[in-house]
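Participant: File name work06.txt; file contents compact mmCIF, C-alpha atoms; full text below.
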```
# COMPACT_ATOMS: atom_id res chain seq x y z
CA MET A 1 -3.87 10.53 -10.07
CA SER A 2 -5.69 11.89 -7.04
CA ARG A 3 -3.77 11.96 -3.78
CA ASN A 4 -6.76 10.36 -2.09
CA SER A 5 -6.48 7.25 -4.26
CA HIS A 6 -3.20 6.31 -2.53
CA ALA A 7 -5.05 5.89 0.78
CA PHE A 8 -8.06 4.21 -0.82
CA ASP A 9 -8.45 0.54 0.15
CA LEU A 10 -9.42 -1.03 -3.17
CA SER A 11 -9.37 -4.58 -1.85
CA GLN A 12 -11.91 -3.72 0.83
CA TYR A 13 -13.96 -1.73 -1.65
CA LEU A 14 -14.07 -4.61 -4.16
CA ASP A 15 -14.96 -7.09 -1.41
CA ARG A 16 -17.93 -4.95 -0.34
CA ARG A 17 -19.11 -4.30 -3.87
CA THR A 18 -18.70 -7.96 -4.87
CA ALA A 19 -20.86 -8.96 -1.90
CA ASP A 20 -23.48 -6.37 -2.92
CA VAL A 21 -23.49 -7.61 -6.52
CA ASN A 22 -23.60 -11.30 -5.55
CA ARG A 23 -26.60 -10.74 -3.26
CA ALA A 24 -28.38 -8.80 -5.99
CA LEU A 25 -27.60 -11.39 -8.68
CA ASP A 26 -28.93 -14.14 -6.44
CA ARG A 27 -32.11 -12.12 -6.00
CA PHE A 28 -32.52 -11.29 -9.70
CA LEU A 29 -31.84 -14.77 -11.13
CA PRO A 30 -34.26 -17.72 -11.09
CA LYS A 31 -33.42 -20.07 -8.24
CA GLU A 32 -31.27 -23.11 -8.95
CA PHE A 33 -34.19 -25.50 -8.37
CA ALA A 34 -36.56 -23.64 -10.75
CA LYS A 35 -37.56 -25.77 -13.75
CA PRO A 36 -35.73 -26.61 -15.92
CA ARG A 37 -33.13 -27.06 -13.21
CA THR A 38 -30.24 -27.82 -15.58
CA ILE A 39 -30.27 -24.42 -17.25
CA HIS A 40 -30.55 -22.50 -13.98
CA ARG A 41 -27.73 -24.56 -12.45
CA ALA A 42 -25.59 -23.80 -15.51
CA MET A 43 -26.37 -20.07 -15.41
CA ARG A 44 -25.47 -19.86 -11.74
CA TYR A 45 -22.41 -22.10 -12.11
CA SER A 46 -20.68 -19.62 -14.41
CA LEU A 47 -22.09 -16.47 -12.84
CA PHE A 48 -20.95 -17.44 -9.33
CA ALA A 49 -17.67 -19.10 -10.36
CA GLY A 50 -15.63 -16.31 -8.78
CA GLY A 51 -13.98 -13.41 -10.55
CA LYS A 52 -13.34 -9.89 -9.39
CA ARG A 53 -16.61 -8.32 -10.64
CA MET A 54 -14.60 -5.50 -12.21
CA ARG A 55 -17.35 -4.43 -14.62
CA PRO A 56 -19.99 -4.16 -11.89
CA ALA A 57 -17.42 -2.35 -9.73
CA LEU A 58 -16.96 0.19 -12.53
CA VAL A 59 -20.74 0.69 -12.70
CA LEU A 60 -20.98 1.30 -8.96
CA ALA A 61 -17.85 3.47 -8.76
CA ALA A 62 -19.03 5.62 -11.68
CA ALA A 63 -22.39 6.09 -9.97
CA GLU A 64 -20.65 7.19 -6.78
CA ALA A 65 -18.46 9.66 -8.69
CA CYS A 66 -21.66 11.28 -9.98
CA GLY A 67 -23.34 11.41 -6.57
CA GLY A 68 -25.48 8.32 -7.07
CA THR A 69 -26.17 5.36 -4.80
CA THR A 70 -25.20 1.70 -4.89
CA ALA A 71 -28.87 0.68 -4.66
CA ALA A 72 -29.82 2.65 -7.77
CA ALA A 73 -26.85 1.33 -9.77
CA LEU A 74 -27.09 -2.36 -8.77
CA PRO A 75 -29.47 -3.46 -11.56
CA ALA A 76 -27.12 -2.01 -14.18
CA ALA A 77 -24.11 -3.58 -12.45
CA CYS A 78 -25.77 -7.00 -12.44
CA ALA A 79 -26.89 -6.66 -16.06
CA VAL A 80 -23.34 -5.94 -17.19
CA GLU A 81 -22.03 -8.97 -15.29
CA CYS A 82 -24.64 -11.19 -16.96
CA ILE A 83 -23.52 -9.95 -20.38
CA HIS A 84 -19.87 -10.49 -19.48
CA THR A 85 -20.48 -14.01 -18.18
CA TYR A 86 -22.53 -14.99 -21.22
CA SER A 87 -19.70 -13.83 -23.47
CA LEU A 88 -17.17 -15.90 -21.50
CA ILE A 89 -19.31 -19.05 -21.70
CA HIS A 90 -19.57 -18.69 -25.47
CA ASP A 91 -15.91 -17.69 -25.91
CA ASP A 92 -14.81 -20.85 -24.11
CA LEU A 93 -16.77 -23.19 -26.40
CA PRO A 94 -14.85 -25.63 -28.64
CA ALA A 95 -16.08 -23.74 -31.72
CA MET A 96 -14.55 -20.50 -30.37
CA ASP A 97 -11.52 -20.34 -28.03
CA ASN A 98 -11.89 -23.97 -26.87
CA ASP A 99 -10.86 -23.38 -23.25
CA ASP A 100 -11.24 -25.97 -20.49
CA PHE A 101 -10.78 -23.62 -17.52
CA ARG A 102 -12.21 -20.28 -16.47
CA ARG A 103 -11.57 -18.62 -13.08
CA GLY A 104 -9.76 -21.79 -12.01
CA LYS A 105 -12.78 -24.04 -12.60
CA PRO A 106 -13.86 -26.26 -15.51
CA THR A 107 -15.69 -24.19 -18.13
CA SER A 108 -19.44 -24.49 -18.59
CA HIS A 109 -19.33 -26.81 -21.59
CA LYS A 110 -16.95 -29.16 -19.75
CA VAL A 111 -19.49 -29.49 -16.93
CA PHE A 112 -22.84 -29.30 -18.72
CA GLY A 113 -22.01 -30.05 -22.37
CA ASP A 114 -21.93 -27.72 -25.38
CA GLY A 115 -25.70 -27.48 -25.84
CA ILE A 116 -26.53 -26.42 -22.27
CA ALA A 117 -23.53 -24.05 -22.24
CA ILE A 118 -24.83 -22.28 -25.35
CA LEU A 119 -28.30 -22.03 -23.82
CA ALA A 120 -26.90 -20.80 -20.48
CA GLY A 121 -25.13 -18.00 -22.35
CA ASP A 122 -28.31 -17.18 -24.25
CA ALA A 123 -30.29 -17.13 -21.01
CA LEU A 124 -27.83 -14.79 -19.29
CA LEU A 125 -27.86 -12.44 -22.27
CA THR A 126 -31.65 -12.25 -22.04
CA GLN A 127 -31.58 -12.02 -18.25
CA ALA A 128 -29.33 -8.97 -18.47
CA PHE A 129 -32.03 -6.88 -20.11
CA GLU A 130 -34.72 -8.12 -17.74
CA ILE A 131 -32.53 -6.95 -14.85
CA LEU A 132 -31.58 -3.65 -16.50
CA ALA A 133 -35.25 -2.84 -17.03
CA GLN A 134 -35.56 -2.67 -13.23
CA THR A 135 -33.24 0.34 -13.05
CA LYS A 136 -35.13 3.44 -11.96
CA ALA A 137 -35.41 6.09 -14.65
CA THR A 138 -33.85 9.48 -13.93
CA ALA A 139 -34.62 12.96 -15.20
CA ARG A 140 -32.02 12.72 -17.98
CA PHE A 141 -32.08 8.98 -18.69
CA PRO A 142 -35.25 6.93 -19.24
CA HIS A 143 -35.13 3.13 -19.27
CA SER A 144 -34.76 3.14 -23.05
CA ALA A 145 -31.45 5.06 -22.81
CA LEU A 146 -29.84 2.44 -20.58
CA VAL A 147 -31.21 -0.49 -22.60
CA LEU A 148 -29.97 1.10 -25.83
CA ASP A 149 -26.50 1.66 -24.38
CA LEU A 150 -26.09 -1.95 -23.25
CA ALA A 151 -27.60 -3.35 -26.45
CA ARG A 152 -25.21 -1.35 -28.61
CA ALA A 153 -22.17 -2.29 -26.52
CA SER A 154 -23.00 -6.00 -26.66
CA GLY A 155 -24.26 -6.19 -30.24
CA SER A 156 -22.86 -7.00 -33.67
CA LEU A 157 -21.07 -3.65 -34.04
CA GLN A 158 -19.18 -3.86 -30.74
CA LEU A 159 -18.70 -6.90 -28.45
CA ILE A 160 -19.69 -9.48 -31.07
CA ALA A 161 -17.82 -7.59 -33.80
CA GLY A 162 -14.65 -7.89 -31.72
CA GLN A 163 -15.11 -11.62 -31.30
CA VAL A 164 -15.77 -12.08 -35.04
CA ALA A 165 -12.65 -10.11 -35.97
CA ASP A 166 -10.66 -12.07 -33.39
CA LEU A 167 -11.79 -15.40 -34.82
CA GLU A 168 -11.14 -14.34 -38.40
CA GLY A 169 -7.69 -13.02 -37.48
CA GLU A 170 -6.39 -16.29 -36.03
CA GLY A 171 -3.30 -17.51 -37.85
CA LYS A 172 -3.14 -14.34 -39.94
CA ALA A 173 -0.82 -11.36 -39.83
CA ILE A 174 -2.96 -8.39 -38.85
CA SER A 175 -1.94 -4.78 -38.41
CA LEU A 176 -1.85 -2.78 -35.18
CA PRO A 177 -4.96 -0.77 -36.20
CA GLN A 178 -6.81 -4.05 -36.84
CA LEU A 179 -5.75 -5.34 -33.43
CA ARG A 180 -6.93 -2.12 -31.81
CA TYR A 181 -10.29 -2.57 -33.58
CA ILE A 182 -10.61 -6.00 -31.93
CA HIS A 183 -9.67 -4.68 -28.48
CA GLU A 184 -11.98 -1.68 -28.75
CA ARG A 185 -14.93 -3.96 -29.35
CA LYS A 186 -14.16 -7.24 -27.63
CA THR A 187 -13.09 -5.66 -24.33
CA SER A 188 -13.28 -1.87 -24.22
CA ALA A 189 -16.92 -1.60 -25.35
CA LEU A 190 -18.38 -3.33 -22.29
CA LEU A 191 -16.01 -1.65 -19.83
CA CYS A 192 -16.89 1.71 -21.35
CA CYS A 193 -20.59 0.85 -21.16
CA SER A 194 -20.15 -0.11 -17.49
CA SER A 195 -18.82 3.36 -16.67
CA ARG A 196 -21.58 5.01 -18.68
CA LEU A 197 -24.41 2.99 -17.12
CA GLY A 198 -23.16 3.86 -13.64
CA GLY A 199 -23.23 7.54 -14.47
CA MET A 200 -26.63 7.30 -16.13
CA SER A 201 -28.12 5.55 -13.09
CA ALA A 202 -26.99 8.59 -11.08
CA ASN A 203 -28.52 11.11 -13.53
CA CYS A 204 -25.05 12.36 -14.49
CA THR A 205 -24.56 15.54 -16.50
CA PRO A 206 -23.59 15.41 -20.21
CA ALA A 207 -20.04 16.49 -19.26
CA GLN A 208 -19.78 13.71 -16.69
CA LEU A 209 -21.02 11.15 -19.22
CA ARG A 210 -18.37 12.27 -21.72
CA ALA A 211 -15.69 11.94 -19.04
CA LEU A 212 -16.89 8.45 -18.06
CA THR A 213 -17.00 7.39 -21.71
CA ASN A 214 -13.42 8.55 -22.23
CA PHE A 215 -12.33 6.87 -19.02
CA GLY A 216 -14.00 3.55 -19.79
CA TYR A 217 -12.68 3.46 -23.34
CA HIS A 218 -9.05 3.89 -22.31
CA VAL A 219 -9.26 1.59 -19.28
CA GLY A 220 -10.81 -1.06 -21.53
CA LEU A 221 -7.97 -0.86 -24.02
CA ALA A 222 -5.37 -0.95 -21.24
CA PHE A 223 -7.09 -3.96 -19.70
CA GLN A 224 -6.84 -5.96 -22.93
CA VAL A 225 -3.22 -5.01 -23.58
CA ILE A 226 -2.37 -6.25 -20.07
CA ASP A 227 -4.39 -9.41 -20.78
CA ASP A 228 -2.23 -10.03 -23.86
CA ILE A 229 0.91 -9.58 -21.75
CA LEU A 230 -0.27 -11.89 -18.97
CA ASP A 231 -1.15 -14.63 -21.45
CA ILE A 232 2.56 -15.09 -22.16
CA THR A 233 4.09 -14.15 -18.80
CA GLN A 234 1.85 -16.04 -16.35
CA THR A 235 1.01 -19.69 -15.74
CA THR A 236 -2.40 -21.34 -15.99
CA ALA A 237 -2.48 -21.64 -12.19
CA GLN A 238 -1.78 -17.92 -11.79
CA LEU A 239 -4.36 -16.84 -14.35
CA GLY A 240 -7.13 -19.27 -13.46
CA LYS A 241 -7.54 -19.94 -17.18
CA THR A 242 -5.36 -21.58 -19.80
CA ALA A 243 -2.13 -19.63 -20.30
CA GLY A 244 -0.44 -19.35 -23.69
CA LYS A 245 -3.61 -19.96 -25.67
CA ASP A 246 -3.11 -16.81 -27.76
CA VAL A 247 0.26 -18.11 -28.93
CA ALA A 248 -1.17 -21.58 -29.55
CA ALA A 249 -4.01 -20.11 -31.62
CA GLN A 250 -1.52 -17.90 -33.51
CA LYS A 251 -3.44 -14.80 -32.51
CA SER A 252 -1.98 -11.38 -33.10
CA THR A 253 -1.45 -9.63 -29.77
CA TYR A 254 0.33 -6.48 -28.67
CA PRO A 255 3.42 -8.38 -27.41
CA ARG A 256 3.55 -10.32 -30.66
CA LEU A 257 3.32 -7.17 -32.79
CA VAL A 258 5.36 -4.65 -30.77
CA GLY A 259 7.13 -6.65 -28.04
CA LEU A 260 6.62 -6.84 -24.26
CA GLU A 261 8.26 -3.59 -23.21
CA LYS A 262 6.43 -1.45 -25.75
CA SER A 263 3.19 -3.22 -24.83
CA ARG A 264 3.71 -2.25 -21.19
CA LYS A 265 4.35 1.37 -22.23
CA ILE A 266 1.18 1.42 -24.32
CA ALA A 267 -0.84 0.08 -21.37
CA ALA A 268 0.66 2.77 -19.12
CA GLN A 269 -0.15 5.52 -21.65
CA LEU A 270 -3.74 4.32 -21.99
CA THR A 271 -4.18 4.28 -18.22
CA GLU A 272 -2.78 7.81 -17.92
CA LYS A 273 -5.38 8.96 -20.45
CA ALA A 274 -8.02 7.29 -18.31
CA PHE A 275 -6.78 9.20 -15.25
CA ALA A 276 -6.86 12.45 -17.22
CA ALA A 277 -10.48 11.81 -18.16
CA LEU A 278 -11.43 11.82 -14.47
CA ARG A 279 -10.07 15.30 -13.71
CA PRO A 280 -13.49 16.98 -14.08
CA PHE A 281 -14.68 14.98 -11.05
CA LYS A 282 -12.22 16.95 -8.88
CA GLY A 283 -11.25 14.12 -6.51
CA LYS A 284 -14.69 12.47 -6.31
CA ALA A 285 -13.72 9.53 -8.55
CA VAL A 286 -11.19 7.93 -6.19
CA ALA A 287 -12.67 4.45 -6.62
CA LEU A 288 -12.47 4.71 -10.40
CA GLU A 289 -8.84 5.84 -10.17
CA ALA A 290 -8.00 2.95 -7.85
CA ILE A 291 -9.64 0.44 -10.22
CA ALA A 292 -7.66 1.85 -13.15
CA THR A 293 -4.44 1.56 -11.16
CA TYR A 294 -5.26 -2.03 -10.26
CA LEU A 295 -6.01 -2.96 -13.89
CA LEU A 296 -2.60 -1.67 -14.97
CA LYS A 297 -0.64 -3.35 -12.19
CA ARG A 298 -2.53 -6.65 -11.95
CA ASP A 299 -0.59 -9.88 -12.40
CA LYS A 300 -3.55 -12.18 -13.16
```
Can you dump the structure from the file as structure tokens?

Facilitator:
Amino acid sequence: MSRNSHAFDLSQYLDRRTADVNRALDRFLPKEFAKPRTIHRAMRYSLFAGGKRMRPALVLAAAEACGGTTAAALPAACAVECIHTYSLIHDDLPAMDNDDFRRGKPTSHKVFGDGIAILAGDALLTQAFEILAQTKATARFPHSALVLDLARASGSLQLIAGQVADLEGEGKAISLPQLRYIHERKTSALLCCSSRLGGMSANCTPAQLRALTNFGYHVGLAFQVIDDILDITQTTAQLGKTAGKDVAAQKSTYPRLVGLEKSRKIAAQLTEKAFAALRPFKGKAVALEAIATYLLKRDK
């Protein structure tokens, strides 16, 4: 870990970046009163329900590490958050994880009904690519490169593949490699894409893109292992979503397969690999290092 990351104020950084992203999202999305009002209210309800905006923060921090600007990276950051929010709306549906709370508030389908919740997710998925198309092309990365990266990360081979495998694995004994497959796709794919899009918006070099890919992959896996741990160690009030639902759904998780202590060691090892991936940036990726540290030590 860089020495500079110890003095880095992550809380202040996330507050500033969250404000930047929220202003941009408000600008990019149709207004709440635009017809049909119900769908735009539902889209905004979930998108502005709170949350730490970690994926957009990764986009912006990766751009900074490559010498880019917040302004150039904001469309990609907002696009990633739209994809993430759509996936949460759909995950919470009765036909999927059947969760009543998200970020401490009633989930979309509890407020608007299943039909509007499905459509709000669909709309945010589509909105993501409309926003991403507004990213300025760079010498190395045309619009098509960014669109392709996000489409692959959120498609049937990655994000959706992870959700399918997760659903099909409920109540079954699955192996550690199968669980890793789920985590790589359901969580790591979009976090990895976030790092990559940030670098691409800054016209990063091929070496920088490889480093960001490696970083995002390992941070994404660590994030999900910690999520598995928190599901059984924290309360619903602490998490802002229903605690213990993995156990109730008989899902295979890292704590269930290898125990809590080994799960914590695995998360630590994954995060160390993420730190190692940032060495080529020679101290210019302090924000990325601080985010990785936060993801490992978070308690909700």

Participant: To one decimal in Å, tell me the separation between atom CA of A:Pro75 and atom CA of A:Leu270.

Facilitator: 28.8 Å

Participant: Just how far from atom CA of A:Pro94 is atom CA of A:Ala189, in Å to one decimal?

Facilitator: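 So the two atoms, atom CA of A:Ala189 and atom CA of A:Pro94, lie 24.3 Å apart.
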
Participant: Neighbours of stretch 220-229 of chain A within 9 Å (only C-alpha atoms; same-chain residues fewer than 4 positions away dropped), as JSON, numbers by chain?

Facilitator: {"A": [180, 183, 184, 186, 187, 188, 189, 190, 191, 192, 215, 216, 233, 234, 246, 253, 254, 255, 256, 260, 263, 264, 266, 267, 268, 269, 270, 271, 292, 295, 296, 297, 298, 299, 300]}

Participant: Separation of atom CA of A:Asp122 and atom CA of A:Thr70, in Å?

Facilitator: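 Interatomic distance here is 27.2 Å.
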
Participant: Name all residues at most 10 Å from A:Leu179 (count all atoms listed in the file; drop same-chain ones fewer than 2 positions away) and give them as a PDB file with C-alpha atoms, in the coordinates of the input.

Facilitator:
```pdb
ATOM      1  CA  GLY A 162     -14.650  -7.890 -31.720  1.00  0.00           C
ATOM      2  CA  ALA A 165     -12.650 -10.110 -35.970  1.00  0.00           C
ATOM      3  CA  ASP A 166     -10.660 -12.070 -33.390  1.00  0.00           C
ATOM      4  CA  GLY A 169      -7.690 -13.020 -37.480  1.00  0.00           C
ATOM      5  CA  ILE A 174      -2.960  -8.390 -38.850  1.00  0.00           C
ATOM      6  CA  SER A 175      -1.940  -4.780 -38.410  1.00  0.00           C
ATOM      7  CA  LEU A 176      -1.850  -2.780 -35.180  1.00  0.00           C
ATOM      8  CA  PRO A 177      -4.960  -0.770 -36.200  1.00  0.00           C
ATOM      9  CA  TYR A 181     -10.290  -2.570 -33.580  1.00  0.00           C
ATOM     10  CA  ILE A 182     -10.610  -6.000 -31.930  1.00  0.00           C
ATOM     11  CA  HIS A 183      -9.670  -4.680 -28.480  1.00  0.00           C
ATOM     12  CA  GLU A 184     -11.980  -1.680 -28.750  1.00  0.00           C
ATOM     13  CA  LYS A 251      -3.440 -14.800 -32.510  1.00  0.00           C
ATOM     14  CA  SER A 252      -1.980 -11.380 -33.100  1.00  0.00           C
ATOM     15  CA  THR A 253      -1.450  -9.630 -29.770  1.00  0.00           C
ATOM     16  CA  TYR A 254       0.330  -6.480 -28.670  1.00  0.00           C
ATOM     17  CA  LEU A 257       3.320  -7.170 -32.790  1.00  0.00           C
TER      18      LEU A 257
END
```

Participant: Skip A:Arg53 itself and residues of its chain fewer than 3 positions away, then list as a list in words all residues within 10 Å of it, counting all atoms listed in the file.

Facilitator: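 After dropping sequence-adjacent residues, the list is Leu14, Asp15, Arg17, Thr18, Ala19, Val21, Asn22, Gly50, Pro56, Ala57, Leu58, Ala77, Cys78, Val80, Glu81 and His84 of chain A.
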
Participant: Excluding A:Thr135 and any residue of its chain fewer than 5 positions from it, enumerate the residues within 9 Å of it, using only C-alpha atoms, and give them as a list in words.

Facilitator: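 Returned residues: Ala72, Ala73, Leu74, Pro75, Ala76, His143, Leu146 and Ser201 of chain A.
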
Participant: Output as a PDB file, in the coordinates of the input: stretch 128-150 of chain A, completed with N, CA and C atoms.

Facilitator:
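After the write, out_14.pdb holds the following:
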```
ATOM      1  N   ALA A 128     -29.947 -10.282 -18.674  1.00  0.00           N
ATOM      2  CA  ALA A 128     -29.330  -8.970 -18.470  1.00  0.00           C
ATOM      3  C   ALA A 128     -30.320  -7.841 -18.722  1.00  0.00           C
ATOM      4  N   PHE A 129     -31.099  -7.970 -19.776  1.00  0.00           N
ATOM      5  CA  PHE A 129     -32.030  -6.880 -20.110  1.00  0.00           C
ATOM      6  C   PHE A 129     -33.255  -6.884 -19.213  1.00  0.00           C
ATOM      7  N   GLU A 130     -33.640  -8.061 -18.724  1.00  0.00           N
ATOM      8  CA  GLU A 130     -34.720  -8.120 -17.740  1.00  0.00           C
ATOM      9  C   GLU A 130     -34.303  -7.398 -16.460  1.00  0.00           C
ATOM     10  N   ILE A 131     -33.046  -7.613 -16.061  1.00  0.00           N
ATOM     11  CA  ILE A 131     -32.530  -6.950 -14.850  1.00  0.00           C
ATOM     12  C   ILE A 131     -32.386  -5.449 -15.081  1.00  0.00           C
ATOM     13  N   LEU A 132     -31.810  -5.067 -16.225  1.00  0.00           N
ATOM     14  CA  LEU A 132     -31.580  -3.650 -16.500  1.00  0.00           C
ATOM     15  C   LEU A 132     -32.880  -2.863 -16.532  1.00  0.00           C
ATOM     16  N   ALA A 133     -33.953  -3.507 -16.968  1.00  0.00           N
ATOM     17  CA  ALA A 133     -35.250  -2.840 -17.030  1.00  0.00           C
ATOM     18  C   ALA A 133     -35.756  -2.438 -15.644  1.00  0.00           C
ATOM     19  N   GLN A 134     -35.148  -2.994 -14.596  1.00  0.00           N
ATOM     20  CA  GLN A 134     -35.560  -2.670 -13.230  1.00  0.00           C
ATOM     21  C   GLN A 134     -34.807  -1.474 -12.654  1.00  0.00           C
ATOM     22  N   THR A 135     -33.906  -0.897 -13.461  1.00  0.00           N
ATOM     23  CA  THR A 135     -33.240   0.340 -13.050  1.00  0.00           C
ATOM     24  C   THR A 135     -34.261   1.477 -13.040  1.00  0.00           C
ATOM     25  N   LYS A 136     -34.203   2.309 -12.030  1.00  0.00           N
ATOM     26  CA  LYS A 136     -35.130   3.440 -11.960  1.00  0.00           C
ATOM     27  C   LYS A 136     -34.719   4.513 -12.966  1.00  0.00           C
ATOM     28  N   ALA A 137     -35.681   5.009 -13.698  1.00  0.00           N
ATOM     29  CA  ALA A 137     -35.410   6.090 -14.650  1.00  0.00           C
ATOM     30  C   ALA A 137     -35.032   7.355 -13.886  1.00  0.00           C
ATOM     31  N   THR A 138     -34.222   8.193 -14.518  1.00  0.00           N
ATOM     32  CA  THR A 138     -33.850   9.480 -13.930  1.00  0.00           C
ATOM     33  C   THR A 138     -34.336  10.596 -14.851  1.00  0.00           C
ATOM     34  N   ALA A 139     -34.140  11.815 -14.416  1.00  0.00           N
ATOM     35  CA  ALA A 139     -34.620  12.960 -15.200  1.00  0.00           C
ATOM     36  C   ALA A 139     -33.999  13.003 -16.588  1.00  0.00           C
ATOM     37  N   ARG A 140     -32.718  12.662 -16.689  1.00  0.00           N
ATOM     38  CA  ARG A 140     -32.020  12.720 -17.980  1.00  0.00           C
ATOM     39  C   ARG A 140     -32.050  11.398 -18.740  1.00  0.00           C
ATOM     40  N   PHE A 141     -32.237  10.284 -18.039  1.00  0.00           N
ATOM     41  CA  PHE A 141     -32.080   8.980 -18.690  1.00  0.00           C
ATOM     42  C   PHE A 141     -33.256   8.048 -18.404  1.00  0.00           C
ATOM     43  N   PRO A 142     -34.158   7.900 -19.372  1.00  0.00           N
ATOM     44  CA  PRO A 142     -35.250   6.930 -19.240  1.00  0.00           C
ATOM     45  C   PRO A 142     -34.713   5.508 -19.391  1.00  0.00           C
ATOM     46  N   HIS A 143     -35.548   4.517 -19.127  1.00  0.00           N
ATOM     47  CA  HIS A 143     -35.130   3.130 -19.270  1.00  0.00           C
ATOM     48  C   HIS A 143     -34.554   2.840 -20.657  1.00  0.00           C
ATOM     49  N   SER A 144     -35.170   3.422 -21.667  1.00  0.00           N
ATOM     50  CA  SER A 144     -34.760   3.140 -23.050  1.00  0.00           C
ATOM     51  C   SER A 144     -33.307   3.552 -23.293  1.00  0.00           C
ATOM     52  N   ALA A 145     -32.824   4.606 -22.607  1.00  0.00           N
ATOM     53  CA  ALA A 145     -31.450   5.060 -22.810  1.00  0.00           C
ATOM     54  C   ALA A 145     -30.451   4.029 -22.293  1.00  0.00           C
ATOM     55  N   LEU A 146     -30.740   3.447 -21.137  1.00  0.00           N
ATOM     56  CA  LEU A 146     -29.840   2.440 -20.580  1.00  0.00           C
ATOM     57  C   LEU A 146     -29.864   1.159 -21.400  1.00  0.00           C
ATOM     58  N   VAL A 147     -31.076   0.731 -21.792  1.00  0.00           N
ATOM     59  CA  VAL A 147     -31.210  -0.490 -22.600  1.00  0.00           C
ATOM     60  C   VAL A 147     -30.478  -0.323 -23.927  1.00  0.00           C
ATOM     61  N   LEU A 148     -30.630   0.837 -24.552  1.00  0.00           N
ATOM     62  CA  LEU A 148     -29.970   1.100 -25.830  1.00  0.00           C
ATOM     63  C   LEU A 148     -28.455   1.066 -25.680  1.00  0.00           C
ATOM     64  N   ASP A 149     -27.942   1.636 -24.594  1.00  0.00           N
ATOM     65  CA  ASP A 149     -26.500   1.660 -24.380  1.00  0.00           C
ATOM     66  C   ASP A 149     -25.923   0.249 -24.248  1.00  0.00           C
ATOM     67  N   LEU A 150     -26.577  -0.587 -23.449  1.00  0.00           N
ATOM     68  CA  LEU A 150     -26.090  -1.950 -23.250  1.00  0.00           C
ATOM     69  C   LEU A 150     -26.256  -2.785 -24.517  1.00  0.00           C
TER      70      LEU A 150
END
```
